[in-house]
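Next up, start08.cif (mmCIF, C-alpha atoms and all ligand atoms):
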data_coords
loop_
_atom_site.label_atom_id
_atom_site.label_comp_id
_atom_site.auth_asym_id
_atom_site.auth_seq_id
_atom_site.Cartn_x
_atom_site.Cartn_y
_atom_site.Cartn_z
CA MET A 1 5.96 4.45 5.89
CA PRO A 2 3.97 7.15 7.69
CA TYR A 3 0.49 6.09 6.54
CA VAL A 4 0.34 2.34 6.24
CA VAL A 5 -1.96 0.42 3.95
CA VAL A 6 -2.92 -2.71 5.89
CA ASP A 7 -3.74 -5.88 3.94
CA GLN A 8 -7.39 -6.76 4.25
CA PRO A 9 -8.08 -10.53 4.15
CA SER A 10 -11.28 -12.15 2.90
CA ARG A 11 -14.25 -12.69 5.21
CA GLU A 12 -13.36 -16.38 5.66
CA ALA A 13 -9.72 -15.65 6.42
CA LEU A 14 -10.77 -12.98 8.91
CA LEU A 15 -13.12 -15.33 10.74
CA GLU A 16 -10.37 -17.94 10.96
CA SER A 17 -7.84 -15.41 12.11
CA ALA A 18 -10.26 -14.00 14.70
CA ALA A 19 -10.85 -17.50 16.08
CA ALA A 20 -7.13 -18.31 16.21
CA ARG A 21 -6.31 -15.06 17.97
CA ALA A 22 -9.16 -15.44 20.44
CA ASP A 23 -7.93 -18.98 21.21
CA ALA A 24 -4.42 -17.68 21.80
CA VAL A 25 -5.65 -15.00 24.21
CA ALA A 26 -7.86 -17.55 26.00
CA ALA A 27 -4.89 -19.89 26.45
CA ARG A 28 -2.82 -17.11 27.94
CA ARG A 29 -5.57 -15.52 30.00
CA PRO A 30 -8.18 -18.12 31.04
CA ASP A 31 -9.55 -15.52 33.47
CA LEU A 32 -10.68 -13.45 30.47
CA LEU A 33 -12.69 -16.30 28.96
CA PRO A 34 -16.15 -14.68 29.27
CA ALA A 35 -14.85 -11.44 27.73
CA ILE A 36 -13.14 -13.37 24.93
CA ASP A 37 -16.27 -15.37 24.14
CA LEU A 38 -18.30 -12.19 23.95
CA GLN A 39 -15.63 -10.64 21.71
CA ARG A 40 -15.83 -13.62 19.34
CA ARG A 41 -19.58 -13.21 18.92
CA LEU A 42 -19.36 -9.45 18.48
CA LEU A 43 -16.58 -9.82 15.92
CA ALA A 44 -18.54 -12.39 13.91
CA LEU A 45 -21.36 -9.84 13.55
CA VAL A 46 -18.96 -7.04 12.66
CA ILE A 47 -17.12 -9.19 10.09
CA ASP A 48 -20.43 -10.12 8.44
CA LEU A 49 -21.53 -6.51 8.36
CA ALA A 50 -18.17 -5.42 6.93
CA HIS A 51 -18.64 -7.97 4.18
CA THR A 52 -22.10 -6.58 3.35
CA VAL A 53 -20.84 -2.98 3.37
CA GLU A 54 -17.83 -3.87 1.20
CA SER A 55 -19.87 -5.81 -1.30
CA GLY A 56 -22.29 -3.20 -2.44
CA ARG A 57 -23.40 -1.00 0.43
CA ARG A 58 -20.47 1.40 0.44
CA PRO A 59 -21.50 4.90 1.42
CA ARG A 60 -21.09 7.49 -1.30
CA LEU A 61 -18.48 10.05 -0.38
CA SER A 62 -16.04 11.55 -2.78
CA LEU A 63 -13.72 14.23 -1.56
CA PRO A 64 -11.35 15.79 -4.10
CA PRO A 65 -7.71 15.02 -3.22
CA LYS A 66 -6.92 18.74 -3.22
CA TYR A 67 -9.60 19.38 -0.60
CA LEU A 68 -8.36 16.46 1.49
CA VAL A 69 -4.77 17.67 1.30
CA ALA A 70 -5.77 21.12 2.57
CA LYS A 71 -7.84 19.57 5.33
CA LEU A 72 -5.06 17.25 6.53
CA ALA A 73 -2.60 20.16 6.42
CA ARG A 74 -4.84 21.95 8.95
CA GLY A 75 -4.65 18.91 11.22
CA VAL A 76 -8.26 17.94 10.51
CA PRO A 77 -8.93 14.22 9.92
CA ALA A 78 -10.32 13.25 6.49
CA LEU A 79 -13.80 12.26 7.67
CA ALA A 80 -14.33 15.01 10.25
CA GLY A 81 -17.35 17.21 9.57
CA GLU A 82 -18.37 15.44 6.34
CA PRO A 83 -22.03 14.59 5.86
CA ILE A 84 -21.94 10.85 5.19
CA PRO A 85 -25.07 8.99 4.10
CA LEU A 86 -25.29 5.72 6.05
CA PRO A 87 -27.08 2.49 5.08
CA VAL A 88 -29.03 2.85 8.33
CA GLN A 89 -31.37 -0.12 7.94
CA ILE A 90 -28.53 -2.57 7.46
CA LEU A 91 -26.45 -1.10 10.27
CA GLN A 92 -29.44 -0.97 12.59
CA ALA A 93 -30.12 -4.68 12.11
CA THR A 94 -26.58 -5.45 13.25
CA LEU A 95 -26.77 -2.89 16.04
CA LEU A 96 -29.78 -4.70 17.52
CA ARG A 97 -28.02 -8.04 17.28
CA LEU A 98 -24.94 -6.54 18.93
CA CYS A 99 -27.20 -5.43 21.81
CA ASP A 100 -28.46 -9.02 22.12
CA GLU A 101 -24.91 -10.38 22.29
CA LEU A 102 -23.87 -7.72 24.78
CA ALA A 103 -26.94 -8.55 26.90
CA ALA A 104 -26.16 -12.28 26.82
CA GLY A 105 -22.45 -11.65 27.36
CA GLY A 106 -22.70 -9.84 30.67
CA ALA A 107 -24.22 -6.41 30.03
CA GLY A 108 -27.68 -7.83 30.72
CA GLU A 109 -30.52 -5.36 31.22
CA ALA A 110 -28.37 -2.37 30.30
CA ALA A 111 -27.94 -3.71 26.76
CA ALA A 112 -31.55 -4.86 26.54
CA HIS A 113 -32.67 -1.32 27.39
CA ILE A 114 -30.63 0.09 24.51
CA LYS A 115 -32.21 -2.36 22.11
CA ALA A 116 -35.68 -1.49 23.41
CA ALA A 117 -34.97 2.24 23.05
CA ILE A 118 -33.92 1.76 19.41
CA GLU A 119 -36.87 -0.48 18.58
CA GLY A 120 -39.27 1.82 20.37
CA GLY A 121 -37.93 4.84 18.53
CA THR A 122 -36.80 6.81 21.59
CA LEU A 123 -33.20 6.35 20.46
CA ASP A 124 -32.83 7.05 16.75
CA ALA A 125 -30.34 4.59 15.24
CA GLY A 126 -29.52 6.89 12.32
CA SER A 127 -28.58 9.81 14.57
CA LEU A 128 -26.68 7.55 16.95
CA LEU A 129 -24.64 5.94 14.16
CA THR A 130 -23.98 9.32 12.54
CA ALA A 131 -22.75 10.72 15.86
CA SER A 132 -20.53 7.68 16.34
CA LEU A 133 -19.00 8.00 12.88
CA ALA A 134 -18.39 11.67 13.65
CA ARG A 135 -16.74 10.50 16.91
CA ASP A 136 -19.04 12.79 18.84
CA GLN A 137 -18.55 11.35 22.32
CA HIS A 138 -20.30 14.29 23.95
CA ALA A 139 -23.52 13.94 21.93
CA ILE A 140 -23.68 10.19 22.49
CA ARG A 141 -23.01 10.40 26.20
CA THR A 142 -25.56 13.16 26.82
CA GLY A 143 -28.11 11.48 24.57
CA ALA A 144 -27.69 8.20 26.43
CA ALA A 145 -27.84 9.82 29.86
CA HIS A 146 -31.06 11.70 28.96
CA ARG A 147 -32.69 8.40 28.06
CA GLY A 148 -31.43 6.60 31.16
CA LEU A 149 -29.15 4.37 29.09
CA ALA A 150 -25.58 3.32 29.96
CA PRO A 151 -23.41 5.82 28.02
CA ASP A 152 -20.36 3.55 27.64
CA LEU A 153 -22.46 0.70 26.36
CA VAL A 154 -24.31 2.90 23.85
CA TRP A 155 -20.95 4.21 22.66
CA LEU A 156 -19.54 0.67 22.31
CA ALA A 157 -22.55 -0.77 20.47
CA ALA A 158 -22.72 2.16 18.03
CA GLU A 159 -18.97 2.04 17.44
CA LEU A 160 -19.10 -1.65 16.59
CA ALA A 161 -22.05 -1.18 14.23
CA VAL A 162 -20.64 1.76 12.28
CA GLY A 163 -17.00 0.63 12.35
CA PRO A 164 -17.25 -1.24 9.03
CA VAL A 165 -18.32 2.00 7.35
CA ALA A 166 -15.47 3.95 8.94
CA HIS A 167 -13.03 1.28 7.79
CA THR A 168 -14.38 1.26 4.23
CA LEU A 169 -14.25 5.05 4.02
CA GLN A 170 -10.75 5.17 5.47
CA ARG A 171 -9.54 2.84 2.72
CA MET A 172 -11.56 4.53 -0.03
CA LEU A 173 -10.24 7.98 0.84
CA LEU A 174 -6.70 7.31 1.98
CA ALA A 175 -5.48 3.90 0.88
CA ASN A 176 -6.96 3.85 -2.61
CA THR A 177 -5.96 7.35 -3.61
CA PRO A 178 -2.39 7.13 -4.81
CA ALA A 179 -2.21 10.75 -5.99
CA ALA A 180 1.12 12.19 -4.89
CA PRO A 181 -0.04 15.33 -3.02
CA LEU A 182 -2.35 13.28 -0.82
CA ALA A 183 0.36 10.70 -0.15
CA ASP A 184 2.68 13.57 0.83
CA ALA A 185 0.06 15.11 3.11
CA LEU A 186 -0.41 11.76 4.83
CA ALA A 187 3.34 11.26 5.07
CA ALA A 188 3.60 14.63 6.79
CA TRP A 189 0.75 13.91 9.27
CA PRO A 190 2.44 14.68 12.61
CA HIS A 191 -0.49 14.02 14.94
CA GLY A 192 -1.19 11.24 17.42
CA TYR A 193 -4.88 11.10 16.44
CA CYS A 194 -6.14 9.17 13.44
CA PRO A 195 -5.79 10.99 10.10
CA ALA A 196 -8.99 9.34 8.86
CA CYS A 197 -11.45 9.59 11.76
CA GLY A 198 -9.73 11.53 14.55
CA SER A 199 -9.80 8.79 17.23
CA TRP A 200 -6.80 8.27 19.46
CA PRO A 201 -5.01 5.04 18.53
CA ALA A 202 -5.89 2.03 20.68
CA LEU A 203 -2.26 0.93 20.67
CA ALA A 204 0.85 0.75 18.53
CA GLU A 205 1.80 -2.40 16.69
CA VAL A 206 5.54 -2.51 16.22
CA VAL A 207 6.60 -4.43 13.13
CA ASP A 208 10.30 -4.61 12.25
CA GLY A 209 10.98 -1.64 14.50
CA HIS A 210 8.22 0.50 12.94
CA ARG A 211 5.89 1.82 15.64
CA VAL A 212 2.59 1.90 13.77
CA LEU A 213 -0.24 3.63 15.62
CA ARG A 214 -3.49 1.76 15.11
CA CYS A 215 -6.99 3.18 15.21
CA SER A 216 -9.32 0.47 16.48
CA PHE A 217 -12.37 2.21 14.98
CA CYS A 218 -11.38 2.58 11.31
CA ALA A 219 -8.19 0.43 11.48
CA ALA A 220 -5.96 3.11 9.97
CA GLY A 221 -2.26 2.66 10.63
CA TRP A 222 0.26 5.49 10.69
CA GLU A 223 3.76 6.10 11.93
CA LEU A 224 5.08 9.32 13.42
CA ALA A 225 8.47 10.78 12.59
CA THR A 226 9.13 11.44 16.28
CA TYR A 227 9.30 9.11 19.26
CA ALA A 228 7.13 11.07 21.66
CA CYS A 229 3.86 10.99 23.61
CA VAL A 230 1.12 10.39 21.03
CA TYR A 231 -1.23 12.70 22.88
CA CYS A 232 0.82 15.79 23.72
CA GLY A 233 4.08 15.37 21.81
CA GLU A 234 6.29 15.31 24.91
CA SER A 235 9.58 13.62 24.04
CA GLY A 236 11.77 14.63 26.98
CA GLU A 237 12.27 13.12 30.42
CA PRO A 238 8.56 12.93 31.40
CA PHE A 239 8.00 10.53 28.49
CA VAL A 240 8.95 7.00 29.54
CA THR A 241 8.53 3.59 27.93
CA ALA A 242 8.39 0.62 30.30
CA ALA A 243 7.56 -3.09 30.21
CA PRO A 244 5.41 -3.88 33.28
CA ASP A 245 6.35 -7.56 32.93
CA GLU A 246 10.13 -8.00 32.97
CA GLU A 247 9.76 -11.26 31.05
CA ARG A 248 7.76 -9.64 28.27
CA LYS A 249 9.74 -6.75 26.88
CA ASP A 250 7.70 -7.06 23.69
CA ARG A 251 4.70 -5.57 25.51
CA ARG A 252 5.21 -2.06 26.75
CA VAL A 253 3.44 1.05 27.99
CA GLU A 254 4.47 4.55 27.12
CA ILE A 255 3.63 6.84 30.00
CA CYS A 256 3.74 10.60 29.93
CA GLY A 257 4.27 12.76 32.99
CA GLY A 258 3.45 15.77 30.81
CA CYS A 259 -0.21 14.97 30.16
CA GLY A 260 -0.71 12.02 32.53
CA ALA A 261 -1.72 9.64 29.74
CA TYR A 262 -0.54 6.18 28.74
CA PHE A 263 -0.28 4.29 25.49
CA LYS A 264 0.27 0.58 24.78
CA THR A 265 2.87 -0.77 22.32
CA VAL A 266 3.33 -4.38 21.32
CA ASP A 267 5.80 -6.10 19.02
CA VAL A 268 3.90 -8.15 16.47
CA PRO A 269 4.87 -10.12 13.35
CA ALA A 270 2.24 -8.36 11.22
CA LEU A 271 -0.32 -5.56 11.49
CA SER A 272 -3.85 -6.59 12.51
CA PRO A 273 -6.52 -6.14 9.84
CA PHE A 274 -9.94 -4.65 10.61
CA PRO A 275 -11.67 -5.53 12.98
CA LEU A 276 -9.14 -7.66 14.86
CA LEU A 277 -7.58 -4.74 16.71
CA THR A 278 -10.26 -5.17 19.34
CA ILE A 279 -8.69 -8.56 20.16
CA ALA A 280 -5.25 -6.98 20.34
CA ASP A 281 -6.73 -4.39 22.68
CA LEU A 282 -8.27 -7.08 24.88
CA ASP A 283 -5.07 -9.11 24.79
CA THR A 284 -3.15 -6.17 26.26
CA MET A 285 -5.61 -5.36 29.03
CA ASP A 286 -2.96 -6.15 31.64
CA LEU A 287 -1.03 -3.15 30.29
CA ASP A 288 -4.08 -0.91 30.81
CA VAL A 289 -4.39 -2.24 34.34
CA ALA A 290 -0.71 -1.58 35.09
CA ALA A 291 -0.92 1.99 33.75
CA ILE A 292 -4.20 2.78 35.50
CA GLU A 293 -2.81 1.44 38.79
CA HIS A 294 -0.13 4.09 38.44
CA HIS A 295 -2.82 6.74 37.87
CA TYR A 296 -2.30 7.17 34.14
CA ALA A 297 -5.35 7.44 31.92
CA ARG A 298 -6.39 7.68 28.29
CA PRO A 299 -7.53 11.16 27.21
CA PRO A 300 -11.07 11.80 25.96
CA MET A 301 -11.83 11.87 22.24
CA LYS A 302 -10.54 14.95 20.45
CA GLU A 303 -13.16 17.29 19.04
CA PHE A 304 -12.89 18.84 15.61
CA GLY A 305 -15.93 21.13 15.56
CA ALA A 306 -18.62 20.98 12.92
CA ARG A 307 -17.77 21.49 9.25
CA HIS A 308 -14.37 22.58 8.01
ZN ZN A 401 -9.52 6.06 12.65
ZN ZN A 402 1.71 13.40 26.93
#

Could you express the structure from this file as structure tokens?
Amino acid sequence: MPYVVVDQPSREALLESAAARADAVAARRPDLLPAIDLQRRLLALVIDLAHTVESGRRPRLSLPPKYLVAKLARGVPALAGEPIPLPVQILQATLLRLCDELAAGGAGEAAAHIKAAIEGGTLDAGSLLTASLARDQHAIRTGAAHRGLAPDLVWLAAELAVGPVAHTLQRMLLANTPAAPLADALAAWPHGYCPACGSWPALAEVVDGHRVLRCSFCAAGWELATYACVYCGESGEPFVTAAPDEERKDRRVEICGGCGAYFKTVDVPALSPFPLLTIADLDTMDLDVAAIEHHYARPPMKEFGARH
């Protein structure tokens, strides 16, 4: 199952599931309580927005399967370089509310400044969201820095606001197109980056021994034919999988001496639907800490140029 179609529950089921998972993380990690509470509020906004996008505000984008097949064969993700019309007004409303939650949840003035820049027109929401969907880390970081805004926070807020569109497009283009050549092209996808949007996976969810790489932006799931570093393909001695906590062999980090990067893998009963991967990511923060303490890092976003 190289490209995996993940079941997408209803809005109500998602909200329930988000709450249950947040409770579980809070019980295990009471020290993360403020971060978990913020996550709950952000997720509620994202789930609502996803519902709006799904029920009528889907962006129009139709790419012929033949074109997609050729693109994937060149190692270019499906959405890369495509001009995608966004429902900017709707997304912007959520973006501003996300800034409020981030401000209240610890980011304070830094988040309030972003909101003010959007409302005042010095930061154009349409361009920001377009750059985020295109995964253009460079443009967002430079744009933020020029305006005296916190680049990581701008990146996060935009990513949360446009994520529902990325998820919808991922499913429209890849999951709902059963045509054989496209399925074959996806099955043959040998790369560690997301075949839909090009992001590096946030982690792997291992279900019944299948190591499914999960994109936390568009929620795509895909499995590689090789057991190797997701970033550089190293499969020899420099590539090591370890469980930092002896008692929890179900939670592991893959570290690569070849490229110096790390990757988290967790055994789970079922794959997380959009947008709950952010909770899975938060829930495995101790793995990030362990890897970073050993001087491993996550690589920057891959760039795919302009149009292909
Ligand atoms: Zn993706
Ligand atoms: Zn590597």

Exercise for the section: Please check which protein, DNA or RNA residues sit within 7 Å of ligand ZN 402 (chain A), counting all atoms listed in the file, and write them as a PyMOL selection string. Expected result: chain A and resi 229-234+256-261

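The contact shell of ligand ZN 401 (chain A), defined as all polymer residues within 7 Å when all atoms listed in the file are used, comprises A:Cys194, A:Pro195, A:Ala196, A:Cys197, A:Gly198, A:Ser199, A:Cys215, A:Ser216, A:Phe217, A:Cys218, A:Ala219, A:Ala220.
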
Problem - Selected residue of minimal separation from His113 (chain A) among A:Ile84, A:Ala150, A:Ala134, A:Ala204, counting all atoms listed in the file - result: A:Ala150

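CA of Arg211 (chain A) sits 10.9 Å away from CA of Val4 (chain A).
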
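When all atoms listed in the file are used to measure the gap to Leu271 (chain A), the shortest distance among A:Ala20, A:Ala183, A:Val5, A:Leu123 belongs to A:Val5.
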
Practice task
Show which residues sit within 9 Å of Trp189 (chain A), as number ranges by chain. Count all atoms listed in the file, and ignore same-chain residues fewer than 5 positions away.
Solution key: A: 2-3, 72-73, 75, 184, 195, 222-225

Handout entry: Contact residues around region 41-50 of chain A with only C-alpha atoms at 7 Å, ignoring same-chain residues under 6 positions, as a list in words
Key = Arg11, Leu15, Thr94, Leu98, Glu101, Leu160, Ala161 and Pro164 of chain A

Handout entry: Spatial neighbours of Pro300 (chain A), 9 Å, all atoms listed in the file, chain gap at least 2 places, as a ChimeraX atom specification
Key = /A:137,200,298,302

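If you measure from each of A:Asp152, A:Asp283, A:Glu159, A:Glu237 to Leu33 (chain A) using all atoms listed in the file, the closest one turns out to be A:Asp283.
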
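For the set A:Ile90, A:Leu182, A:Ala290, A:Ile279, the residue with the smallest atom-to-atom gap to Val25 (chain A) is A:Ile279, counting all atoms listed in the file.
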
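Coordinates place CA of Trp155 (chain A) at a distance of 26.9 Å from CA of Ser62 (chain A).
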
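The space separating CA of Val162 (chain A) from CA of Pro34 (chain A) comes to 24.1 Å.
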
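Shortest separation to Ala13 (chain A) among A:Glu205, A:Tyr227, A:Pro181, A:Phe274 occurs at residue A:Phe274, atoms counted being all atoms listed in the file.
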
Practice task
May I have the residues within 12 Å of Ala112 (chain A) as a list in words, using only C-alpha atoms and disregarding those fewer than 6 positions away in the same chain?
Solution key: Leu95, Leu96, Arg97, Leu98, Cys99, Asp100, Glu101, Leu102, Ala103, Ala104, Gly105, Gly106, Ile118, Glu119, Gly120, Leu149, Ala150, Leu153, Val154 and Ala157 of chain A

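Nearest residue to Leu86 (chain A), choosing from A:Leu128, A:Ala27, A:Val266, A:Ala111 and counting all atoms listed in the file: A:Leu128.
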
Step by step, gather every atom of region 263-269 of chain A that the file lists, find the box along x, y and z that holds them, add 6 Å on each side, and finally give centre and edge lengths in Å to one decimal, as JSON.
{"center_x": 2.8, "center_y": -2.9, "center_z": 19.4, "size_x": 18.1, "size_y": 26.4, "size_z": 24.1}

Pick out the residues sitting within 12 Å of Thr130 (chain A), and hand them over as a PDB file with C-alpha atoms, in the frame of the given file; count all atoms listed in the file, and ignore anything fewer than 2 positions along from it in its own chain.
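The file below, selection10.pdb, is the result:
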ATOM      1  CA  LEU A  79     -13.800  12.260   7.670  1.00  0.00           C
ATOM      2  CA  ALA A  80     -14.330  15.010  10.250  1.00  0.00           C
ATOM      3  CA  GLY A  81     -17.350  17.210   9.570  1.00  0.00           C
ATOM      4  CA  GLU A  82     -18.370  15.440   6.340  1.00  0.00           C
ATOM      5  CA  PRO A  83     -22.030  14.590   5.860  1.00  0.00           C
ATOM      6  CA  ILE A  84     -21.940  10.850   5.190  1.00  0.00           C
ATOM      7  CA  PRO A  85     -25.070   8.990   4.100  1.00  0.00           C
ATOM      8  CA  LEU A  86     -25.290   5.720   6.050  1.00  0.00           C
ATOM      9  CA  PRO A  87     -27.080   2.490   5.080  1.00  0.00           C
ATOM     10  CA  VAL A  88     -29.030   2.850   8.330  1.00  0.00           C
ATOM     11  CA  LEU A  91     -26.450  -1.100  10.270  1.00  0.00           C
ATOM     12  CA  GLN A  92     -29.440  -0.970  12.590  1.00  0.00           C
ATOM     13  CA  ASP A 124     -32.830   7.050  16.750  1.00  0.00           C
ATOM     14  CA  ALA A 125     -30.340   4.590  15.240  1.00  0.00           C
ATOM     15  CA  GLY A 126     -29.520   6.890  12.320  1.00  0.00           C
ATOM     16  CA  SER A 127     -28.580   9.810  14.570  1.00  0.00           C
ATOM     17  CA  LEU A 128     -26.680   7.550  16.950  1.00  0.00           C
ATOM     18  CA  SER A 132     -20.530   7.680  16.340  1.00  0.00           C
ATOM     19  CA  LEU A 133     -19.000   8.000  12.880  1.00  0.00           C
ATOM     20  CA  ALA A 134     -18.390  11.670  13.650  1.00  0.00           C
ATOM     21  CA  ARG A 135     -16.740  10.500  16.910  1.00  0.00           C
ATOM     22  CA  ASP A 136     -19.040  12.790  18.840  1.00  0.00           C
ATOM     23  CA  GLN A 137     -18.550  11.350  22.320  1.00  0.00           C
ATOM     24  CA  ALA A 139     -23.520  13.940  21.930  1.00  0.00           C
ATOM     25  CA  ILE A 140     -23.680  10.190  22.490  1.00  0.00           C
ATOM     26  CA  TRP A 155     -20.950   4.210  22.660  1.00  0.00           C
ATOM     27  CA  ALA A 158     -22.720   2.160  18.030  1.00  0.00           C
ATOM     28  CA  GLU A 159     -18.970   2.040  17.440  1.00  0.00           C
ATOM     29  CA  ALA A 161     -22.050  -1.180  14.230  1.00  0.00           C
ATOM     30  CA  VAL A 162     -20.640   1.760  12.280  1.00  0.00           C
ATOM     31  CA  GLY A 163     -17.000   0.630  12.350  1.00  0.00           C
ATOM     32  CA  VAL A 165     -18.320   2.000   7.350  1.00  0.00           C
ATOM     33  CA  ALA A 166     -15.470   3.950   8.940  1.00  0.00           C
TER      34      ALA A 166
END
